[in-house]
>>> print(open('run06.txt').read())   # compact mmCIF, C-alpha atoms
# COMPACT_ATOMS: atom_id res chain seq x y z
CA MET A 1 -9.34 -68.97 21.97
CA PRO A 2 -10.55 -67.78 18.56
CA LYS A 3 -14.24 -67.54 17.87
CA THR A 4 -15.64 -70.77 16.43
CA TYR A 5 -19.36 -70.05 16.11
CA GLU A 6 -19.91 -66.58 14.74
CA PRO A 7 -22.86 -64.56 13.48
CA ILE A 8 -22.40 -63.49 9.88
CA ALA A 9 -25.56 -61.50 9.30
CA THR A 10 -29.23 -61.12 10.11
CA THR A 11 -31.91 -59.94 7.71
CA THR A 12 -35.29 -58.79 9.00
CA LEU A 13 -37.71 -57.91 6.23
CA GLY A 14 -39.22 -54.46 6.45
CA SER A 15 -41.71 -55.19 3.71
CA ALA A 16 -43.03 -58.16 1.78
CA GLN A 17 -40.74 -59.64 -0.83
CA SER A 18 -40.59 -62.77 -2.87
CA THR A 19 -36.99 -63.77 -2.26
CA VAL A 20 -34.28 -63.16 0.30
CA THR A 21 -30.61 -63.51 -0.50
CA LEU A 22 -27.75 -63.81 1.94
CA SER A 23 -24.83 -62.88 -0.26
CA SER A 24 -21.08 -62.34 -0.05
CA ILE A 25 -20.75 -65.21 2.41
CA PRO A 26 -17.10 -65.46 3.44
CA SER A 27 -15.39 -68.76 2.66
CA THR A 28 -13.56 -68.83 5.98
CA TYR A 29 -15.91 -71.15 7.85
CA THR A 30 -16.49 -74.88 7.66
CA ASP A 31 -20.27 -75.03 7.97
CA LEU A 32 -23.14 -72.57 7.82
CA ILE A 33 -26.18 -72.55 10.08
CA ILE A 34 -29.21 -70.53 9.01
CA ILE A 35 -31.93 -69.94 11.56
CA SER A 36 -35.07 -68.53 10.02
CA GLN A 37 -38.58 -67.57 11.03
CA PRO A 38 -40.20 -66.78 7.72
CA LYS A 39 -43.74 -65.46 7.72
CA SER A 40 -46.03 -65.76 4.71
CA THR A 41 -48.36 -63.07 3.39
CA ALA A 42 -50.71 -65.89 2.36
CA THR A 43 -52.02 -68.57 4.70
CA GLU A 44 -48.96 -70.71 4.07
CA GLY A 45 -46.15 -71.34 1.63
CA ILE A 46 -43.33 -73.82 1.17
CA VAL A 47 -39.84 -72.38 1.62
CA TYR A 48 -37.25 -72.99 -1.09
CA ILE A 49 -33.48 -72.69 -0.88
CA GLN A 50 -30.99 -71.98 -3.65
CA PHE A 51 -27.19 -71.80 -3.53
CA ASN A 52 -25.37 -69.23 -5.66
CA SER A 53 -27.58 -69.11 -8.76
CA ILE A 54 -27.52 -72.84 -9.33
CA GLY A 55 -30.70 -74.07 -10.97
CA GLY A 56 -31.46 -76.64 -13.63
CA THR A 57 -32.27 -79.98 -12.08
CA SER A 58 -29.56 -79.85 -9.45
CA TYR A 59 -31.57 -80.30 -6.26
CA SER A 60 -33.04 -83.28 -4.47
CA SER A 61 -34.16 -84.01 -0.93
CA THR A 62 -35.56 -86.62 1.45
CA TYR A 63 -37.63 -85.95 4.55
CA VAL A 64 -39.26 -87.60 7.53
CA TYR A 65 -42.24 -85.85 9.06
CA GLY A 66 -44.43 -86.29 12.09
CA SER A 67 -47.86 -84.67 12.14
CA GLY A 68 -48.75 -85.49 15.72
CA SER A 69 -50.75 -88.52 14.70
CA SER A 70 -48.63 -90.24 12.06
CA ALA A 71 -45.21 -90.22 10.43
CA SER A 72 -44.43 -90.05 6.73
CA SER A 73 -41.55 -89.70 4.33
CA GLY A 74 -41.09 -88.46 0.79
CA ARG A 75 -38.57 -87.00 -1.60
CA ARG A 76 -37.94 -84.68 -4.49
CA THR A 77 -35.61 -85.37 -7.39
CA ASN A 78 -34.17 -83.28 -10.24
CA SER A 79 -35.60 -80.04 -8.87
CA GLY A 80 -34.69 -76.52 -9.89
CA LEU A 81 -34.75 -75.36 -6.26
CA GLY A 82 -34.15 -77.09 -2.96
CA VAL A 83 -36.62 -77.09 -0.10
CA ILE A 84 -35.88 -76.76 3.60
CA ALA A 85 -39.10 -78.48 4.69
CA GLU A 86 -41.78 -80.27 2.71
CA ASN A 87 -44.61 -80.05 5.23
CA ALA A 88 -43.64 -77.45 7.81
CA TYR A 89 -44.71 -74.46 5.74
CA ALA A 90 -44.14 -70.83 6.56
CA THR A 91 -47.47 -69.41 7.69
CA SER A 92 -49.08 -66.03 8.17
CA THR A 93 -48.68 -66.43 11.93
CA ALA A 94 -45.54 -64.72 13.14
CA GLY A 95 -43.09 -67.12 14.68
CA ALA A 96 -45.20 -70.20 14.06
CA THR A 97 -42.58 -71.86 11.91
CA THR A 98 -38.90 -72.04 12.74
CA PHE A 99 -36.26 -73.61 10.55
CA VAL A 100 -32.67 -74.51 11.34
CA THR A 101 -30.79 -75.28 8.15
CA GLN A 102 -27.20 -76.52 8.28
CA VAL A 103 -25.03 -76.41 5.16
CA PHE A 104 -21.92 -78.55 5.37
CA ASN A 105 -18.45 -77.87 4.01
CA TYR A 106 -19.95 -75.15 1.85
CA ALA A 107 -16.62 -73.73 0.71
CA ASN A 108 -15.01 -76.87 -0.61
CA THR A 109 -14.97 -77.62 -4.33
CA THR A 110 -14.72 -81.40 -4.17
CA THR A 111 -18.12 -82.51 -2.94
CA PHE A 112 -21.74 -81.86 -3.83
CA LYS A 113 -23.37 -79.61 -1.25
CA THR A 114 -25.59 -81.14 1.39
CA TRP A 115 -27.86 -79.60 3.97
CA LEU A 116 -29.78 -80.84 6.96
CA SER A 117 -32.88 -78.96 7.97
CA ARG A 118 -35.27 -79.10 10.87
CA GLY A 119 -38.64 -77.43 10.53
CA ASN A 120 -41.14 -77.00 13.31
CA ARG A 121 -44.59 -75.65 12.64
CA THR A 122 -46.45 -75.24 15.87
CA ASP A 123 -49.81 -73.79 14.85
CA SER A 124 -51.44 -76.85 13.31
CA GLN A 125 -48.92 -79.22 11.86
CA GLY A 126 -45.83 -80.98 13.06
CA THR A 127 -42.11 -81.40 12.90
CA GLU A 128 -39.79 -82.46 10.16
CA ALA A 129 -36.20 -83.44 9.40
CA MET A 130 -34.80 -83.14 5.90
CA VAL A 131 -31.60 -83.91 4.06
CA GLY A 132 -30.96 -82.17 0.77
CA LEU A 133 -28.44 -82.29 -2.03
CA CYS A 134 -27.29 -79.77 -4.59
CA ARG A 135 -25.34 -81.61 -7.26
CA ASP A 136 -22.74 -78.94 -7.76
CA THR A 137 -19.22 -78.76 -6.38
CA SER A 138 -18.88 -74.96 -6.49
CA ALA A 139 -18.12 -73.12 -3.29
CA ILE A 140 -21.25 -71.47 -1.94
CA ASN A 141 -21.08 -67.71 -1.65
CA SER A 142 -24.78 -66.87 -1.51
CA VAL A 143 -27.91 -68.54 -0.18
CA SER A 144 -31.35 -67.47 -1.38
CA PHE A 145 -34.77 -68.29 -0.01
CA ALA A 146 -38.07 -68.10 -1.89
CA ILE A 147 -41.60 -68.96 -0.88
CA GLY A 148 -44.02 -70.89 -3.05
CA GLY A 149 -46.94 -68.98 -4.56
CA THR A 150 -46.76 -66.01 -2.23
CA THR A 151 -44.31 -63.60 -0.62
CA PHE A 152 -42.39 -63.40 2.62
CA ALA A 153 -44.15 -60.98 4.96
CA ALA A 154 -42.54 -58.09 6.78
CA GLY A 155 -40.97 -59.28 9.99
CA SER A 156 -39.56 -62.48 8.50
CA VAL A 157 -36.13 -63.09 9.99
CA PHE A 158 -33.13 -64.89 8.50
CA SER A 159 -29.91 -65.21 10.49
CA ILE A 160 -26.77 -66.90 9.24
CA TYR A 161 -23.88 -68.18 11.36
CA GLY A 162 -20.52 -69.64 10.49
CA ILE A 163 -18.81 -72.52 12.29
CA LYS A 164 -15.08 -72.81 11.91
CA ALA A 165 -13.31 -76.10 12.51
CA ALA A 166 -9.73 -76.32 13.69
CA MET B 1 -35.01 -67.54 -8.36
CA SER B 2 -35.04 -63.93 -9.46
CA PRO B 3 -35.16 -61.08 -8.91
CA ILE B 4 -33.04 -61.10 -5.79
CA LEU B 5 -34.50 -58.59 -3.40
CA GLY B 6 -32.77 -59.52 -0.21
CA VAL B 7 -31.37 -57.20 2.36
CA TRP B 8 -27.89 -57.84 3.71
CA ALA B 9 -27.92 -56.47 7.20
CA SER B 10 -25.18 -56.33 9.76
CA ALA B 11 -24.61 -59.11 12.21
CA GLN B 12 -26.58 -58.72 15.40
CA GLN B 13 -26.60 -61.38 18.06
CA SER B 14 -24.47 -64.47 18.44
CA ALA B 15 -25.93 -67.87 19.30
CA PHE B 16 -22.99 -68.41 21.64
CA LEU B 17 -20.66 -66.11 23.44
CA PRO B 18 -17.10 -66.23 22.13
CA GLY B 19 -15.39 -69.22 23.67
CA ASP B 20 -18.60 -71.06 24.55
CA TYR B 21 -18.37 -73.19 21.42
CA GLU B 22 -14.85 -74.19 20.53
CA SER B 23 -13.21 -76.27 17.87
CA ILE B 24 -11.21 -79.16 19.32
CA ALA B 25 -10.03 -81.15 16.32
CA THR B 26 -10.75 -82.14 12.74
CA ALA B 27 -10.14 -85.53 11.15
CA VAL B 28 -10.40 -86.70 7.56
CA GLY B 29 -10.81 -90.10 5.95
CA THR B 30 -7.94 -91.83 4.22
CA GLY B 31 -9.67 -94.50 2.18
CA SER B 32 -7.87 -97.23 4.08
CA SER B 33 -9.69 -97.29 7.43
CA ASP B 34 -13.28 -97.75 8.53
CA THR B 35 -12.72 -95.73 11.70
CA ILE B 36 -11.85 -92.17 12.63
CA THR B 37 -10.88 -91.48 16.24
CA PHE B 38 -10.74 -88.34 18.32
CA SER B 39 -8.52 -89.07 21.32
CA SER B 40 -7.31 -87.16 24.37
CA ILE B 41 -10.52 -85.17 24.45
CA PRO B 42 -10.23 -82.34 26.99
CA GLN B 43 -12.46 -82.69 30.02
CA THR B 44 -13.14 -78.96 30.19
CA TYR B 45 -16.44 -78.77 28.32
CA THR B 46 -20.01 -79.68 29.22
CA HIS B 47 -21.09 -81.20 25.92
CA LEU B 48 -19.46 -82.23 22.65
CA GLU B 49 -20.70 -81.89 19.11
CA ILE B 50 -19.40 -83.73 16.06
CA ARG B 51 -20.26 -82.32 12.66
CA GLY B 52 -19.25 -83.93 9.43
CA ILE B 53 -19.69 -85.25 5.95
CA ALA B 54 -19.03 -88.89 5.21
CA GLN B 55 -18.49 -91.20 2.29
CA ALA B 56 -17.49 -94.86 2.31
CA ASN B 57 -15.89 -96.74 -0.56
CA ALA B 58 -18.58 -99.30 -1.14
CA SER B 59 -20.03 -99.27 -4.64
CA LEU B 60 -23.64 -99.48 -3.59
CA ASN B 61 -25.33 -96.11 -4.40
CA ASP B 62 -26.85 -96.40 -0.95
CA TYR B 63 -26.53 -94.97 2.52
CA GLY B 64 -24.99 -96.38 5.67
CA ALA B 65 -24.88 -95.57 9.34
CA VAL B 66 -22.00 -93.97 11.15
CA GLY B 67 -21.50 -95.67 14.48
CA VAL B 68 -20.02 -94.17 17.62
CA ARG B 69 -17.81 -95.93 20.15
CA PHE B 70 -16.37 -94.44 23.30
CA ASN B 71 -12.99 -95.07 24.92
CA SER B 72 -12.21 -97.89 22.45
CA ASP B 73 -15.08 -100.00 23.81
CA SER B 74 -16.19 -102.30 20.97
CA GLY B 75 -18.20 -104.62 23.20
CA THR B 76 -21.95 -105.04 23.11
CA ASN B 77 -22.42 -102.13 25.48
CA TYR B 78 -24.56 -99.81 23.41
CA THR B 79 -28.21 -99.29 22.60
CA ARG B 80 -29.76 -97.21 19.84
CA HIS B 81 -33.07 -95.87 18.63
CA ARG B 82 -33.91 -94.11 15.39
CA LEU B 83 -36.69 -92.46 13.41
CA THR B 84 -36.03 -92.61 9.68
CA GLY B 85 -37.60 -91.64 6.40
CA ASN B 86 -36.32 -93.22 3.19
CA GLY B 87 -38.31 -91.12 0.78
CA THR B 88 -41.20 -93.57 0.72
CA THR B 89 -41.94 -94.67 4.25
CA ALA B 90 -41.21 -93.50 7.77
CA GLY B 91 -40.13 -95.97 10.39
CA GLY B 92 -38.68 -96.46 13.81
CA ALA B 93 -36.30 -99.10 15.08
CA ALA B 94 -34.16 -99.97 18.05
CA ASN B 95 -31.26 -102.24 18.91
CA THR B 96 -29.87 -103.36 22.21
CA SER B 97 -26.55 -104.92 23.10
CA THR B 98 -24.90 -103.54 20.00
CA THR B 99 -21.25 -102.72 19.39
CA PHE B 100 -21.83 -99.05 18.58
CA ALA B 101 -24.29 -96.25 19.21
CA ASP B 102 -26.06 -94.48 16.38
CA GLY B 103 -24.04 -91.52 15.21
CA GLY B 104 -26.32 -91.13 12.28
CA PRO B 105 -28.35 -93.62 10.28
CA GLY B 106 -27.75 -92.72 6.66
CA ALA B 107 -24.88 -90.45 7.57
CA ALA B 108 -22.47 -91.95 5.05
CA TYR B 109 -22.96 -92.26 1.33
CA LEU B 110 -21.72 -95.59 0.03
CA THR B 111 -20.15 -95.08 -3.32
CA SER B 112 -17.04 -95.18 -5.41
CA GLY B 113 -15.63 -91.99 -6.80
CA THR B 114 -18.61 -89.65 -6.80
CA SER B 115 -19.09 -86.26 -5.15
CA THR B 116 -22.10 -87.13 -3.00
CA VAL B 117 -21.61 -87.33 0.74
CA GLY B 118 -23.82 -88.02 3.72
CA THR B 119 -23.84 -85.81 6.75
CA THR B 120 -24.47 -85.82 10.48
CA VAL B 121 -24.52 -83.67 13.58
CA ILE B 122 -23.93 -85.69 16.75
CA SER B 123 -24.36 -84.31 20.27
CA VAL B 124 -22.57 -86.08 23.11
CA LEU B 125 -24.19 -84.90 26.31
CA ASP B 126 -22.45 -84.38 29.66
CA TYR B 127 -19.55 -86.51 28.51
CA THR B 128 -17.39 -85.96 31.59
CA SER B 129 -20.01 -87.26 34.02
CA THR B 130 -19.11 -90.40 35.98
CA ASN B 131 -22.48 -90.98 37.62
CA LYS B 132 -24.63 -91.82 34.62
CA TYR B 133 -24.46 -93.52 31.25
CA THR B 134 -23.43 -91.42 28.27
CA THR B 135 -26.14 -90.48 25.78
CA ILE B 136 -25.92 -89.11 22.28
CA ARG B 137 -28.38 -87.83 19.72
CA ALA B 138 -27.96 -87.20 16.00
CA LEU B 139 -29.58 -85.52 13.05
CA SER B 140 -28.28 -87.16 9.91
CA GLY B 141 -28.93 -88.18 6.36
CA THR B 142 -27.88 -88.74 2.80
CA ASP B 143 -29.63 -87.75 -0.38
CA ASN B 144 -28.49 -88.74 -3.85
CA ASN B 145 -31.36 -87.71 -6.12
CA GLY B 146 -33.63 -90.70 -5.71
CA ILE B 147 -31.80 -92.53 -2.94
CA GLY B 148 -31.87 -91.06 0.54
CA LEU B 149 -32.54 -91.29 4.23
CA ALA B 150 -33.32 -88.59 6.78
CA SER B 151 -33.00 -89.57 10.42
CA LEU B 152 -33.27 -88.53 14.02
CA SER B 153 -31.54 -90.93 16.37
CA SER B 154 -30.31 -91.48 19.90
CA GLY B 155 -27.80 -93.78 21.50
CA LEU B 156 -26.63 -94.92 24.88
CA TRP B 157 -23.28 -96.19 26.13
CA LEU B 158 -23.86 -98.44 29.13
CA ASN B 159 -20.83 -97.19 30.98
CA THR B 160 -20.33 -94.41 33.52
CA ASN B 161 -16.73 -93.57 32.63
CA ALA B 162 -15.95 -90.10 31.40
CA VAL B 163 -15.51 -90.02 27.63
CA THR B 164 -11.91 -89.43 26.65
CA SER B 165 -11.98 -90.72 23.09
CA ILE B 166 -14.60 -91.11 20.38
CA THR B 167 -14.34 -93.47 17.44
CA LEU B 168 -16.58 -93.06 14.41
CA TYR B 169 -17.20 -96.32 12.61
CA GLN B 170 -18.48 -97.25 9.15
CA GLN B 171 -19.48 -100.87 8.73
CA ASN B 172 -19.91 -100.87 4.94
CA GLY B 173 -16.46 -99.76 3.86
CA ASN B 174 -13.59 -97.41 4.56
CA PHE B 175 -14.08 -93.68 4.95
CA THR B 176 -12.90 -91.97 1.76
CA ASP B 177 -10.88 -88.77 1.58
CA LYS B 178 -14.14 -86.86 1.07
CA THR B 179 -14.97 -87.64 4.70
CA THR B 180 -14.41 -84.90 7.25
CA PHE B 181 -15.48 -84.84 10.89
CA ALA B 182 -14.95 -81.92 13.24
CA LEU B 183 -15.18 -82.14 17.03
CA TYR B 184 -16.38 -79.15 19.03
CA GLY B 185 -16.69 -78.49 22.75
CA ILE B 186 -19.59 -76.59 24.29
CA LYS B 187 -19.15 -74.98 27.67
CA GLY B 188 -21.96 -74.91 30.17
>>> encode(input="run06.txt", output="structure tokens")
Amino acid sequence: MPKTYEPIATTTLGSAQSTVTLSSIPSTYTDLIIISQPKSTATEGIVYIQFNSIGGTSYSSTYVYGSGSSASSGRRTNSGLGVIAENAYATSTAGATTFVTQVFNYANTTTFKTWLSRGNRTDSQGTEAMVGLCRDTSAINSVSFAIGGTTFAAGSVFSIYGIKAA
Amino acid sequence: MSPILGVWASAQQSAFLPGDYESIATAVGTGSSDTITFSSIPQTYTHLEIRGIAQANASLNDYGAVGVRFNSDSGTNYTRHRLTGNGTTAGGAANTSTTFADGGPGAAYLTSGTSTVGTTVISVLDYTSTNKYTTIRALSGTDNNGIGLASLSSGLWLNTNAVTSITLYQQNGNFTDKTTFALYGIKG
């Protein structure tokens, strides 16, 4: 039986940096799953996602969030970058925030690219589910992450996996 | 987003051992049917996962649920619960005695001729068991730059038969050719 769920790469930051790019992604899978534990050099920072170098106003997203005492929802439209969680920020506490981001049918050239993301911040906030859209039909060959107003700290981990359908 | 300062390191550890997570089948929409069925599902796995993108040919600029039926049972033998956020408010809801389980509220984009799709990941747990009802859970949603829904949901099939076929159902229109669902088996 051929491998269906395969690791593509893992990046562990050795020093602080503002962006992380997972590049040269092979087009041989159906979906991508990115598991990340980003750590912020500041108290907290929102984590952005960008496919290829697509910018402009191509990104939008919708989320539902539970804080432990209440639930809320919101959205972004016409954004230059996507987000993988609106409330579950990366924090300066190692391992406090974990994201699982799933990018669907990333290699096709007929649909806009969608992602589902789950963010869990355990130190003081809650849990979140997000759906995002990049209004571009290009095949995705790189995924970049940035953090708002600060930098990713050393020890931040980004792992990418490919899932191959029959 | 520049400059790009990332490090591209070698692959390290797999989430699954080779063969633990296997592709079973893939199905695509045709534009002429509101259902997609995976049949003759092998009974050799512990859990199933369905991953997909979905679009239905209803000119609504809206989102719709993808329902799940097992073994061709279209009776009122399902229940469902969901937590949703529509970009403005968060809410929860439930239904009993329904004709399908929730395979993803908002998992299908309802449109005509655009490139936006909804998406879902559905887990079907312990599907070969014959001593308990079959449960599913889903993470799903659609976003179309101002219209969207993000959802976490669960469903129950009030039947103890082993699952041998799964039908995905769209009640707002037919699945277009931009719809693709893939079925995977997970070994225990």
>>> atom_distance(input="run06.txt", atom1="CA of Thr179 (chain B)", atom2="CA of Thr28 (chain A)")
18.9 Å
>>> residues_around(input="run06.txt", residues="Ala25 (chain B)", least_positions_apart="3", cutoff="9 Å", atoms="all atoms listed in the file", output="PyMOL selection string")
(chain A and resi 165-166) or (chain B and resi 38+181-184)
>>> closest_atom_pairs(input="run06.txt", of="chain A", to="chain B", cutoff="7 Å", atoms="only C-alpha atoms", output="JSON lines")
{"residue": "A:Met1", "atom": "CA", "partner": "B:Gly19", "partner_atom": "CA", "distance": 6.3}
{"residue": "A:Lys3", "atom": "CA", "partner": "B:Pro18", "partner_atom": "CA", "distance": 5.3}
{"residue": "A:Thr4", "atom": "CA", "partner": "B:Glu22", "partner_atom": "CA", "distance": 5.4}
{"residue": "A:Tyr5", "atom": "CA", "partner": "B:Tyr21", "partner_atom": "CA", "distance": 6.2}
{"residue": "A:Glu6", "atom": "CA", "partner": "B:Ser14", "partner_atom": "CA", "distance": 6.2}
{"residue": "A:Pro7", "atom": "CA", "partner": "B:Ser14", "partner_atom": "CA", "distance": 5.2}
{"residue": "A:Ile8", "atom": "CA", "partner": "B:Ala11", "partner_atom": "CA", "distance": 5.4}
{"residue": "A:Ala9", "atom": "CA", "partner": "B:Ala11", "partner_atom": "CA", "distance": 3.9}
{"residue": "A:Thr10", "atom": "CA", "partner": "B:Ala11", "partner_atom": "CA", "distance": 5.5}
{"residue": "A:Thr11", "atom": "CA", "partner": "B:Ala9", "partner_atom": "CA", "distance": 5.3}
{"residue": "A:Gln17", "atom": "CA", "partner": "B:Leu5", "partner_atom": "CA", "distance": 6.8}
{"residue": "A:Thr19", "atom": "CA", "partner": "B:Leu5", "partner_atom": "CA", "distance": 5.9}
{"residue": "A:Val20", "atom": "CA", "partner": "B:Gly6", "partner_atom": "CA", "distance": 4.0}
{"residue": "A:Thr21", "atom": "CA", "partner": "B:Gly6", "partner_atom": "CA", "distance": 4.5}
{"residue": "A:Leu22", "atom": "CA", "partner": "B:Trp8", "partner_atom": "CA", "distance": 6.2}
{"residue": "A:Ser60", "atom": "CA", "partner": "B:Asn145", "partner_atom": "CA", "distance": 5.0}
{"residue": "A:Ser61", "atom": "CA", "partner": "B:Asp143", "partner_atom": "CA", "distance": 5.9}
{"residue": "A:Thr62", "atom": "CA", "partner": "B:Gly87", "partner_atom": "CA", "distance": 5.3}
{"residue": "A:Tyr63", "atom": "CA", "partner": "B:Ala150", "partner_atom": "CA", "distance": 5.5}
{"residue": "A:Val64", "atom": "CA", "partner": "B:Gly85", "partner_atom": "CA", "distance": 4.5}
{"residue": "A:Ala71", "atom": "CA", "partner": "B:Ala90", "partner_atom": "CA", "distance": 5.8}
{"residue": "A:Ser72", "atom": "CA", "partner": "B:Ala90", "partner_atom": "CA", "distance": 4.8}
{"residue": "A:Ser73", "atom": "CA", "partner": "B:Gly85", "partner_atom": "CA", "distance": 4.9}
{"residue": "A:Gly74", "atom": "CA", "partner": "B:Gly87", "partner_atom": "CA", "distance": 3.8}
{"residue": "A:Arg75", "atom": "CA", "partner": "B:Gly87", "partner_atom": "CA", "distance": 4.8}
{"residue": "A:Thr77", "atom": "CA", "partner": "B:Asn145", "partner_atom": "CA", "distance": 5.0}
{"residue": "A:Asn78", "atom": "CA", "partner": "B:Asn145", "partner_atom": "CA", "distance": 6.7}
{"residue": "A:Thr110", "atom": "CA", "partner": "B:Ser115", "partner_atom": "CA", "distance": 6.6}
{"residue": "A:Thr111", "atom": "CA", "partner": "B:Ser115", "partner_atom": "CA", "distance": 4.5}
{"residue": "A:Phe112", "atom": "CA", "partner": "B:Ser115", "partner_atom": "CA", "distance": 5.3}
{"residue": "A:Ala129", "atom": "CA", "partner": "B:Ala150", "partner_atom": "CA", "distance": 6.5}
{"residue": "A:Met130", "atom": "CA", "partner": "B:Ala150", "partner_atom": "CA", "distance": 5.7}
{"residue": "A:Val131", "atom": "CA", "partner": "B:Gly141", "partner_atom": "CA", "distance": 5.5}
{"residue": "A:Gly132", "atom": "CA", "partner": "B:Asp143", "partner_atom": "CA", "distance": 5.9}
{"residue": "A:Leu133", "atom": "CA", "partner": "B:Asp143", "partner_atom": "CA", "distance": 5.8}
{"residue": "A:Ala165", "atom": "CA", "partner": "B:Ser23", "partner_atom": "CA", "distance": 5.4}
{"residue": "A:Ala166", "atom": "CA", "partner": "B:Ser23", "partner_atom": "CA", "distance": 5.4}
>>> closest_residue(input="run06.txt", among="B:Phe100, B:Tyr109, B:Tyr45, B:Trp157", to="Gly64 (chain B)", atoms="all atoms listed in the file")
B:Tyr109
>>> axis_aligned_box(input="run06.txt", around="region 110-116 of chain B", padding_each_side="6 Å", output="AutoDock Vina command-line options")
--center_x -18.9 --center_y -90.9 --center_z -3.4 --size_x 18.5 --size_y 21.3 --size_z 18.8
>>> closest_residue(input="run06.txt", among="A:Thr30, A:Ser69, A:Asn87, A:Thr150", to="Phe104 (chain A)", atoms="only C-alpha atoms")
A:Thr30
>>> atom_distance(input="run06.txt", atom1="CA of Thr12 (chain A)", atom2="CA of Ser156 (chain A)")
5.7 Å
>>> residues_around(input="run06.txt", residues="Gly14 (chain A)", least_positions_apart="6", cutoff="9 Å", atoms="only C-alpha atoms", output="list of chain:residue names")
A:Ala153, A:Ala154, A:Gly155, A:Ser156
